[in-house]
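start_3.cif (mmCIF, C-alpha atoms and all ligand atoms) appears below.
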```cif
data_final
#
loop_
_atom_site.group_PDB
_atom_site.id
_atom_site.type_symbol
_atom_site.label_atom_id
_atom_site.label_comp_id
_atom_site.auth_asym_id
_atom_site.auth_seq_id
_atom_site.Cartn_x
_atom_site.Cartn_y
_atom_site.Cartn_z
ATOM 1 C CA MET A 259 -103.367 -38.772 -143.308
ATOM 2 C CA GLU A 260 -106.319 -36.408 -143.871
ATOM 3 C CA SER A 261 -106.211 -36.461 -147.673
ATOM 4 C CA GLU A 262 -109.002 -33.901 -148.118
ATOM 5 C CA VAL A 263 -107.175 -31.194 -146.158
ATOM 6 C CA ASP A 264 -106.413 -27.975 -148.055
ATOM 7 C CA ILE A 265 -103.515 -25.759 -146.990
ATOM 8 C CA GLY A 266 -103.688 -22.138 -148.118
ATOM 9 C CA LEU A 267 -103.282 -18.515 -147.136
ATOM 10 C CA ALA A 268 -105.671 -17.233 -144.467
ATOM 11 C CA GLY A 269 -108.142 -14.539 -145.463
ATOM 12 C CA GLN A 270 -108.544 -11.353 -143.422
ATOM 13 C CA THR A 271 -111.922 -12.514 -142.102
ATOM 14 C CA ASP A 272 -110.254 -15.618 -140.617
ATOM 15 C CA CYS A 273 -108.459 -13.497 -137.996
ATOM 16 C CA VAL A 274 -111.154 -13.841 -135.318
ATOM 17 C CA GLU A 275 -111.352 -17.628 -135.585
ATOM 18 C CA ILE A 276 -107.573 -18.041 -135.707
ATOM 19 C CA ALA A 277 -107.098 -15.795 -132.657
ATOM 20 C CA GLY A 278 -109.722 -17.827 -130.778
ATOM 21 C CA MET A 279 -107.935 -21.043 -131.699
ATOM 22 C CA SER A 280 -104.616 -19.572 -130.582
ATOM 23 C CA ARG A 281 -106.099 -18.633 -127.231
ATOM 24 C CA ALA A 282 -107.701 -22.051 -126.689
ATOM 25 C CA LEU A 283 -105.060 -24.357 -128.173
ATOM 26 C CA ILE A 284 -101.751 -22.543 -127.623
ATOM 27 C CA GLU A 285 -102.075 -19.754 -125.053
ATOM 28 C CA ASN A 286 -104.258 -21.506 -122.473
ATOM 29 C CA GLY A 287 -103.211 -20.402 -118.993
ATOM 30 C CA LEU A 288 -101.194 -17.470 -120.364
ATOM 31 C CA ARG A 289 -102.064 -13.856 -121.152
ATOM 32 C CA TRP A 290 -103.885 -13.723 -124.550
ATOM 33 C CA ARG A 291 -101.323 -12.099 -126.861
ATOM 34 C CA TRP A 292 -102.520 -13.197 -130.282
ATOM 35 C CA LYS A 293 -105.787 -11.269 -130.499
ATOM 36 C CA PRO A 294 -107.705 -10.778 -133.778
ATOM 37 C CA SER A 295 -106.094 -7.366 -134.483
ATOM 38 C CA ARG A 296 -102.596 -8.851 -134.125
ATOM 39 C CA ILE A 297 -103.432 -11.829 -136.341
ATOM 40 C CA LEU A 298 -104.910 -9.426 -138.902
ATOM 41 C CA SER A 299 -101.717 -7.374 -138.955
ATOM 42 C CA LEU A 300 -99.729 -10.565 -139.633
ATOM 43 C CA ILE A 301 -102.115 -11.525 -142.455
ATOM 44 C CA ARG A 302 -101.611 -8.072 -144.008
ATOM 45 C CA HIS A 303 -97.856 -7.852 -143.417
ATOM 46 C CA PRO A 304 -95.710 -8.518 -146.519
ATOM 47 C CA ASP A 305 -93.032 -10.349 -144.485
ATOM 48 C CA CYS A 306 -95.454 -12.731 -142.736
ATOM 49 C CA VAL A 307 -97.603 -15.661 -143.739
ATOM 50 C CA VAL A 308 -100.671 -16.960 -141.978
ATOM 51 C CA ILE A 309 -101.994 -20.236 -143.367
ATOM 52 C CA THR A 310 -104.942 -22.464 -142.603
ATOM 53 C CA ALA A 311 -105.669 -26.163 -142.949
ATOM 54 C CA THR A 312 -109.311 -26.565 -143.970
ATOM 55 C CA VAL A 313 -111.719 -29.407 -144.573
ATOM 56 C CA SER A 314 -114.924 -28.393 -146.374
ATOM 57 C CA ASP A 315 -114.406 -24.745 -145.298
ATOM 58 C CA GLU A 316 -113.873 -25.642 -141.632
ATOM 59 C CA ILE A 317 -110.551 -24.377 -140.262
ATOM 60 C CA ILE A 318 -108.975 -27.375 -138.503
ATOM 61 C CA GLY A 319 -105.477 -25.946 -138.100
ATOM 62 C CA PHE A 320 -103.399 -22.847 -138.736
ATOM 63 C CA ALA A 321 -99.869 -21.458 -138.563
ATOM 64 C CA ALA A 322 -98.222 -18.026 -138.607
ATOM 65 C CA MET A 323 -94.630 -17.240 -139.517
ATOM 66 C CA GLU A 324 -92.442 -14.124 -139.920
ATOM 67 C CA PHE A 325 -89.643 -13.874 -142.482
ATOM 68 C CA HIS A 326 -86.431 -12.113 -141.436
ATOM 69 C CA GLU A 327 -83.170 -11.489 -143.286
ATOM 70 C CA LEU A 328 -81.554 -14.883 -142.626
ATOM 71 C CA HIS A 329 -84.217 -16.913 -140.917
ATOM 72 C CA ALA A 330 -87.949 -17.326 -140.393
ATOM 73 C CA HIS A 331 -89.665 -17.369 -137.007
ATOM 74 C CA LEU A 332 -92.645 -19.655 -136.488
ATOM 75 C CA ASN A 333 -95.008 -17.784 -134.152
ATOM 76 C CA LEU A 334 -98.005 -20.097 -134.017
ATOM 77 C CA LEU A 335 -99.025 -23.564 -135.179
ATOM 78 C CA ALA A 336 -101.971 -25.604 -133.940
ATOM 79 C CA VAL A 337 -104.404 -28.306 -135.010
ATOM 80 C CA LYS A 338 -107.831 -28.841 -133.449
ATOM 81 C CA SER A 339 -107.702 -31.603 -130.830
ATOM 82 C CA LYS A 340 -110.017 -34.013 -132.687
ATOM 83 C CA ARG A 341 -107.956 -33.712 -135.882
ATOM 84 C CA ARG A 342 -104.551 -34.460 -134.383
ATOM 85 C CA ARG A 343 -102.214 -37.369 -135.246
ATOM 86 C CA ASN A 344 -103.429 -37.316 -138.832
ATOM 87 C CA GLY A 345 -100.520 -35.499 -140.452
ATOM 88 C CA VAL A 346 -102.180 -32.048 -140.498
ATOM 89 C CA GLY A 347 -99.495 -30.385 -138.346
ATOM 90 C CA GLN A 348 -96.783 -31.862 -140.569
ATOM 91 C CA LYS A 349 -98.635 -30.662 -143.665
ATOM 92 C CA LEU A 350 -98.720 -27.086 -142.321
ATOM 93 C CA LEU A 351 -95.016 -27.318 -141.454
ATOM 94 C CA ASP A 352 -94.144 -28.692 -144.920
ATOM 95 C CA TRP A 353 -95.926 -25.739 -146.579
ATOM 96 C CA LEU A 354 -94.022 -23.242 -144.416
ATOM 97 C CA GLU A 355 -90.644 -24.951 -144.852
ATOM 98 C CA GLU A 356 -91.048 -24.995 -148.614
ATOM 99 C CA SER A 357 -91.688 -21.253 -148.631
ATOM 100 C CA VAL A 358 -88.649 -20.671 -146.382
ATOM 101 C CA MET A 359 -86.452 -22.752 -148.733
ATOM 102 C CA ILE A 360 -87.745 -20.804 -151.750
ATOM 103 C CA ALA A 361 -86.937 -17.550 -149.923
ATOM 104 C CA GLY A 362 -83.358 -18.858 -149.476
ATOM 105 C CA LEU A 363 -83.327 -18.513 -145.685
ATOM 106 C CA ASN A 364 -81.010 -20.568 -143.473
ATOM 107 C CA TYR A 365 -83.133 -21.741 -140.588
ATOM 108 C CA ILE A 366 -86.468 -21.626 -138.779
ATOM 109 C CA SER A 367 -86.740 -20.784 -135.093
ATOM 110 C CA LEU A 368 -89.640 -21.037 -132.659
ATOM 111 C CA GLU A 369 -90.459 -21.012 -128.954
ATOM 112 C CA VAL A 370 -92.416 -23.751 -127.251
ATOM 113 C CA ARG A 371 -93.560 -24.135 -123.646
ATOM 114 C CA THR A 372 -91.203 -26.488 -121.789
ATOM 115 C CA SER A 373 -94.274 -28.404 -120.515
ATOM 116 C CA ASN A 374 -95.546 -29.015 -124.071
ATOM 117 C CA VAL A 375 -94.066 -32.469 -124.584
ATOM 118 C CA ALA A 376 -96.364 -33.275 -127.536
ATOM 119 C CA ALA A 377 -95.241 -30.226 -129.531
ATOM 120 C CA ILE A 378 -91.563 -30.724 -128.631
ATOM 121 C CA THR A 379 -91.790 -34.333 -129.858
ATOM 122 C CA PHE A 380 -93.618 -33.178 -133.005
ATOM 123 C CA TYR A 381 -90.913 -30.595 -133.804
ATOM 124 C CA GLU A 382 -88.038 -32.975 -132.990
ATOM 125 C CA LYS A 383 -89.521 -35.539 -135.379
ATOM 126 C CA ALA A 384 -89.573 -32.796 -138.027
ATOM 127 C CA GLY A 385 -85.837 -32.057 -137.599
ATOM 128 C CA TYR A 386 -85.897 -29.283 -134.974
ATOM 129 C CA HIS A 387 -83.568 -29.319 -131.977
ATOM 130 C CA ILE A 388 -83.613 -27.463 -128.671
ATOM 131 C CA ASP A 389 -81.177 -24.558 -128.941
ATOM 132 C CA HIS A 390 -81.554 -23.071 -125.456
ATOM 133 C CA LEU A 391 -83.877 -22.492 -122.523
ATOM 134 C CA ALA A 392 -85.549 -19.066 -122.337
ATOM 135 C CA SER A 393 -86.365 -18.668 -118.626
ATOM 136 C CA GLY A 394 -89.693 -16.965 -117.837
ATOM 137 C CA TYR A 395 -90.342 -16.371 -121.545
ATOM 138 C CA TYR A 396 -94.140 -16.480 -121.158
ATOM 139 C CA ASN A 397 -94.719 -13.411 -118.915
ATOM 140 C CA GLY A 398 -92.701 -15.061 -116.162
ATOM 141 C CA ILE A 399 -95.405 -17.749 -115.943
ATOM 142 C CA GLU A 400 -93.568 -20.449 -117.840
ATOM 143 C CA ASP A 401 -90.190 -21.138 -119.475
ATOM 144 C CA ALA A 402 -89.765 -21.749 -123.195
ATOM 145 C CA TYR A 403 -87.383 -23.778 -125.250
ATOM 146 C CA ARG A 404 -86.039 -21.997 -128.284
ATOM 147 C CA MET A 405 -85.943 -24.632 -131.053
ATOM 148 C CA LYS A 406 -84.261 -24.405 -134.452
ATOM 149 C CA HIS A 407 -84.293 -26.272 -137.719
ATOM 150 C CA ASP A 408 -81.228 -25.724 -139.884
ATOM 151 C CA LEU A 409 -82.618 -26.073 -143.401
ATOM 152 C CA ILE A 410 -79.325 -25.646 -145.249
ATOM 153 C CA SER A 411 -77.463 -28.507 -143.553
ATOM 154 C CA ASP A 412 -80.562 -30.718 -143.837
ATOM 155 C CA ASP A 413 -80.904 -29.917 -147.537
ATOM 156 C CA VAL A 414 -77.214 -30.651 -148.194
ATOM 157 C CA ALA A 415 -77.465 -33.924 -146.231
ATOM 158 C CA LYS A 416 -80.538 -35.000 -148.243
ATOM 159 C CA ARG A 417 -78.706 -34.407 -151.551
ATOM 160 C CA ARG A 418 -75.599 -36.367 -150.476
ATOM 161 C CA PRO A 419 -75.269 -39.769 -152.223
HETATM 162 C C1 LIG B 1 -98.186 -30.069 -131.990
HETATM 163 C C2 LIG B 1 -99.381 -30.247 -132.950
HETATM 164 C C3 LIG B 1 -99.453 -29.018 -133.862
HETATM 165 C C4 LIG B 1 -99.152 -31.495 -133.805
HETATM 166 O O1 LIG B 1 -100.181 -31.551 -134.790
HETATM 167 P P1 LIG B 1 -100.667 -32.976 -135.421
HETATM 168 O O2 LIG B 1 -101.513 -32.661 -136.599
HETATM 169 O O3 LIG B 1 -101.224 -33.828 -134.378
HETATM 170 O O4 LIG B 1 -99.246 -33.558 -135.875
HETATM 171 P P2 LIG B 1 -98.974 -34.710 -136.971
HETATM 172 O O5 LIG B 1 -100.141 -35.639 -137.006
HETATM 173 O O6 LIG B 1 -98.560 -34.084 -138.246
HETATM 174 O O7 LIG B 1 -97.747 -35.454 -136.268
HETATM 175 C C5 LIG B 1 -96.527 -35.726 -136.942
HETATM 176 C C6 LIG B 1 -95.653 -36.534 -135.999
HETATM 177 O O8 LIG B 1 -95.284 -35.733 -134.861
HETATM 178 C C7 LIG B 1 -95.226 -36.591 -133.683
HETATM 179 N N1 LIG B 1 -96.282 -36.198 -132.748
HETATM 180 C C8 LIG B 1 -97.342 -35.370 -132.957
HETATM 181 N N2 LIG B 1 -98.096 -35.263 -131.846
HETATM 182 C C9 LIG B 1 -97.509 -36.046 -130.918
HETATM 183 C C10 LIG B 1 -97.835 -36.358 -129.573
HETATM 184 N N3 LIG B 1 -98.930 -35.862 -128.963
HETATM 185 N N4 LIG B 1 -97.018 -37.217 -128.884
HETATM 186 C C11 LIG B 1 -95.928 -37.745 -129.485
HETATM 187 N N5 LIG B 1 -95.578 -37.489 -130.783
HETATM 188 C C12 LIG B 1 -96.353 -36.651 -131.474
HETATM 189 C C13 LIG B 1 -95.473 -38.023 -134.169
HETATM 190 O O9 LIG B 1 -94.218 -38.572 -134.509
HETATM 191 C C14 LIG B 1 -96.313 -37.757 -135.420
HETATM 192 O O10 LIG B 1 -96.259 -38.832 -136.358
HETATM 193 P P3 LIG B 1 -97.178 -40.158 -136.106
HETATM 194 O O11 LIG B 1 -98.568 -39.681 -135.771
HETATM 195 O O12 LIG B 1 -97.093 -40.843 -137.434
HETATM 196 O O13 LIG B 1 -96.541 -40.899 -134.979
HETATM 197 C C15 LIG B 1 -100.708 -30.441 -132.146
HETATM 198 O O14 LIG B 1 -100.519 -31.403 -131.136
HETATM 199 C C16 LIG B 1 -101.259 -29.171 -131.520
HETATM 200 O O15 LIG B 1 -101.972 -28.395 -132.155
HETATM 201 N N6 LIG B 1 -100.952 -28.938 -130.234
HETATM 202 C C17 LIG B 1 -101.476 -27.776 -129.507
HETATM 203 C C18 LIG B 1 -100.873 -26.481 -130.020
HETATM 204 C C19 LIG B 1 -99.364 -26.487 -129.870
HETATM 205 O O16 LIG B 1 -98.828 -26.983 -128.905
HETATM 206 N N7 LIG B 1 -98.679 -25.898 -130.866
HETATM 207 C C20 LIG B 1 -97.225 -25.852 -130.865
HETATM 208 C C21 LIG B 1 -96.687 -24.713 -130.111
HETATM 209 S S1 LIG B 1 -96.961 -23.186 -130.985
#
```
Render the structure in this file as structure tokens.
Ligand SMILES: CC(C)(COP(=O)(O)OP(=O)(O)OC[C@H]1O[C@@H](n2cnc3c(N)ncnc32)[C@H](O)[C@@H]1OP(=O)(O)O)[C@@H](O)C(=O)NCCC(=O)NCCS
Amino acid sequence: MESEVDIGLAGQTDCVEIAGMSRALIENGLRWRWKPSRILSLIRHPDCVVITATVSDEIIGFAAMEFHELHAHLNLLAVKSKRRRNGVGQKLLDWLEESVMIAGLNYISLEVRTSNVAAITFYEKAGYHIDHLASGYYNGIEDAYRMKHDLISDDVAKRRP
């Protein structure tokens, strides 16, 4: 585990770097949807959070999530290639899940490319399951799995003797 990693809210000036990371690490081969202006609007939006994982001021990972009435939707989550398999992705997810629990929401949803076996495995390990296949979700270029994590049933199960 990268013990020196700090997780915190992204600043407005981080939008360019985060958008570049989204393009390179998440949207490769797809149309670039998460441009700096869109990331900036998430950072400014009261019902969204954009967080970064930093080591000595270098952004090594980030995530973006929207809060709805009953659930939260995880839009983006990525860790730089060289920093992977060190618990950083899990640390970002833990931060987000804690905020979703505090907000009293029921579940988290997300879409992931069906070819992205690493991310699917990562999310399954964290308690997410595939809910359904969204055909042609990425501009008709690729299918997505919609995944969900039911926080209420997990929380109840954890508190059971
Ligand atoms: C998915 C991603 C965020 C995981 O980040 P990470 O920091 O490497 O994840 P962690 O180190 O916290 O992994 C936690 C656990 O998830 C599982 N996991 C993570 N990456 C995995 C992989 N490539 N293959 C198999 N299992 C994996 C493992 O069980 C891991 O625990 P372990 O290392 O003790 O075995 C990272 O691979 C990434 O940025 N991928 C590109 C962007 C992306 O696909 N984002 C998701 C779609 S938006």
Can you write out as JSON lines which residues of chain A fall within 8 Å of ligand LIG 1 (chain B), alongside each residue's closest atom pair and its distance in Å to one decimal, counting all atoms listed in the file and ordering rows by chain and ascending residue number?
```
{"residue": "A:Met259", "atom": "CA", "partner": "B:LIG1", "partner_atom": "O5", "distance": 7.7}
{"residue": "A:Ser280", "atom": "CA", "partner": "B:LIG1", "partner_atom": "C18", "distance": 7.9}
{"residue": "A:Leu283", "atom": "CA", "partner": "B:LIG1", "partner_atom": "C18", "distance": 5.0}
{"residue": "A:Ile284", "atom": "CA", "partner": "B:LIG1", "partner_atom": "C18", "distance": 4.7}
{"residue": "A:Gly319", "atom": "CA", "partner": "B:LIG1", "partner_atom": "O15", "distance": 7.3}
{"residue": "A:Leu332", "atom": "CA", "partner": "B:LIG1", "partner_atom": "S1", "distance": 7.8}
{"residue": "A:Asn333", "atom": "CA", "partner": "B:LIG1", "partner_atom": "S1", "distance": 6.6}
{"residue": "A:Leu334", "atom": "CA", "partner": "B:LIG1", "partner_atom": "S1", "distance": 4.5}
{"residue": "A:Leu335", "atom": "CA", "partner": "B:LIG1", "partner_atom": "S1", "distance": 4.7}
{"residue": "A:Ala336", "atom": "CA", "partner": "B:LIG1", "partner_atom": "O15", "distance": 3.3}
{"residue": "A:Val337", "atom": "CA", "partner": "B:LIG1", "partner_atom": "O15", "distance": 3.8}
{"residue": "A:Lys338", "atom": "CA", "partner": "B:LIG1", "partner_atom": "O15", "distance": 6.0}
{"residue": "A:Ser339", "atom": "CA", "partner": "B:LIG1", "partner_atom": "O15", "distance": 6.7}
{"residue": "A:Arg341", "atom": "CA", "partner": "B:LIG1", "partner_atom": "O2", "distance": 6.6}
{"residue": "A:Arg342", "atom": "CA", "partner": "B:LIG1", "partner_atom": "O3", "distance": 3.4}
{"residue": "A:Arg343", "atom": "CA", "partner": "B:LIG1", "partner_atom": "O5", "distance": 3.2}
{"residue": "A:Asn344", "atom": "CA", "partner": "B:LIG1", "partner_atom": "O5", "distance": 4.1}
{"residue": "A:Gly345", "atom": "CA", "partner": "B:LIG1", "partner_atom": "O6", "distance": 3.3}
{"residue": "A:Val346", "atom": "CA", "partner": "B:LIG1", "partner_atom": "O2", "distance": 4.0}
{"residue": "A:Gly347", "atom": "CA", "partner": "B:LIG1", "partner_atom": "O2", "distance": 3.5}
{"residue": "A:Gln348", "atom": "CA", "partner": "B:LIG1", "partner_atom": "O6", "distance": 3.7}
{"residue": "A:Lys349", "atom": "CA", "partner": "B:LIG1", "partner_atom": "O6", "distance": 6.4}
{"residue": "A:Leu368", "atom": "CA", "partner": "B:LIG1", "partner_atom": "S1", "distance": 7.8}
{"residue": "A:Glu369", "atom": "CA", "partner": "B:LIG1", "partner_atom": "S1", "distance": 7.2}
{"residue": "A:Val370", "atom": "CA", "partner": "B:LIG1", "partner_atom": "C21", "distance": 5.2}
{"residue": "A:Arg371", "atom": "CA", "partner": "B:LIG1", "partner_atom": "C21", "distance": 7.2}
{"residue": "A:Asn374", "atom": "CA", "partner": "B:LIG1", "partner_atom": "O16", "distance": 6.2}
{"residue": "A:Val375", "atom": "CA", "partner": "B:LIG1", "partner_atom": "N4", "distance": 7.1}
{"residue": "A:Ala376", "atom": "CA", "partner": "B:LIG1", "partner_atom": "N3", "distance": 3.9}
{"residue": "A:Ala377", "atom": "CA", "partner": "B:LIG1", "partner_atom": "C1", "distance": 3.8}
{"residue": "A:Ile378", "atom": "CA", "partner": "B:LIG1", "partner_atom": "C1", "distance": 7.5}
{"residue": "A:Thr379", "atom": "CA", "partner": "B:LIG1", "partner_atom": "N5", "distance": 5.0}
{"residue": "A:Phe380", "atom": "CA", "partner": "B:LIG1", "partner_atom": "O8", "distance": 3.6}
{"residue": "A:Tyr381", "atom": "CA", "partner": "B:LIG1", "partner_atom": "O8", "distance": 6.8}
{"residue": "A:Glu382", "atom": "CA", "partner": "B:LIG1", "partner_atom": "O8", "distance": 8.0}
{"residue": "A:Lys383", "atom": "CA", "partner": "B:LIG1", "partner_atom": "O9", "distance": 5.7}
{"residue": "A:Ala384", "atom": "CA", "partner": "B:LIG1", "partner_atom": "O8", "distance": 7.2}
```
Selection near range 308-317 of chain A, 8 Å with all atoms listed in the file, sequence-local residues under 3 positions removed, as a PyMOL selection string: chain A and resi 262-268+300-301+320-323+346+350
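For the pair CA of Gly385 in chain A and CA of Ala330 in chain A, the interatomic distance is 15.1 Å.
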Can you list every residue of range 275-305 of chain A that has an atom at most 10 Å from range 399-414 of chain A, with its nearest atom pair and the distance in Å to one decimal, using all atoms listed in the file, ordered by chain then number, as CSV?
```
residue,atom,partner,partner_atom,distance
A:Gly287,CA,A:Ile399,CA,8.8
A:Leu288,CA,A:Ile399,CA,7.3
A:Arg289,CA,A:Ile399,CA,9.3
```
Write the residues of the preceding selection, restricted to C-alpha atoms, as an mmCIF file, in the frame of the given file.
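The resulting part.cif:
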```cif
data_model
loop_
_atom_site.group_PDB
_atom_site.id
_atom_site.type_symbol
_atom_site.label_atom_id
_atom_site.label_comp_id
_atom_site.auth_asym_id
_atom_site.auth_seq_id
_atom_site.Cartn_x
_atom_site.Cartn_y
_atom_site.Cartn_z
ATOM 1 C CA GLY A 287 -103.211 -20.402 -118.993
ATOM 2 C CA LEU A 288 -101.194 -17.470 -120.364
ATOM 3 C CA ARG A 289 -102.064 -13.856 -121.152
#
```
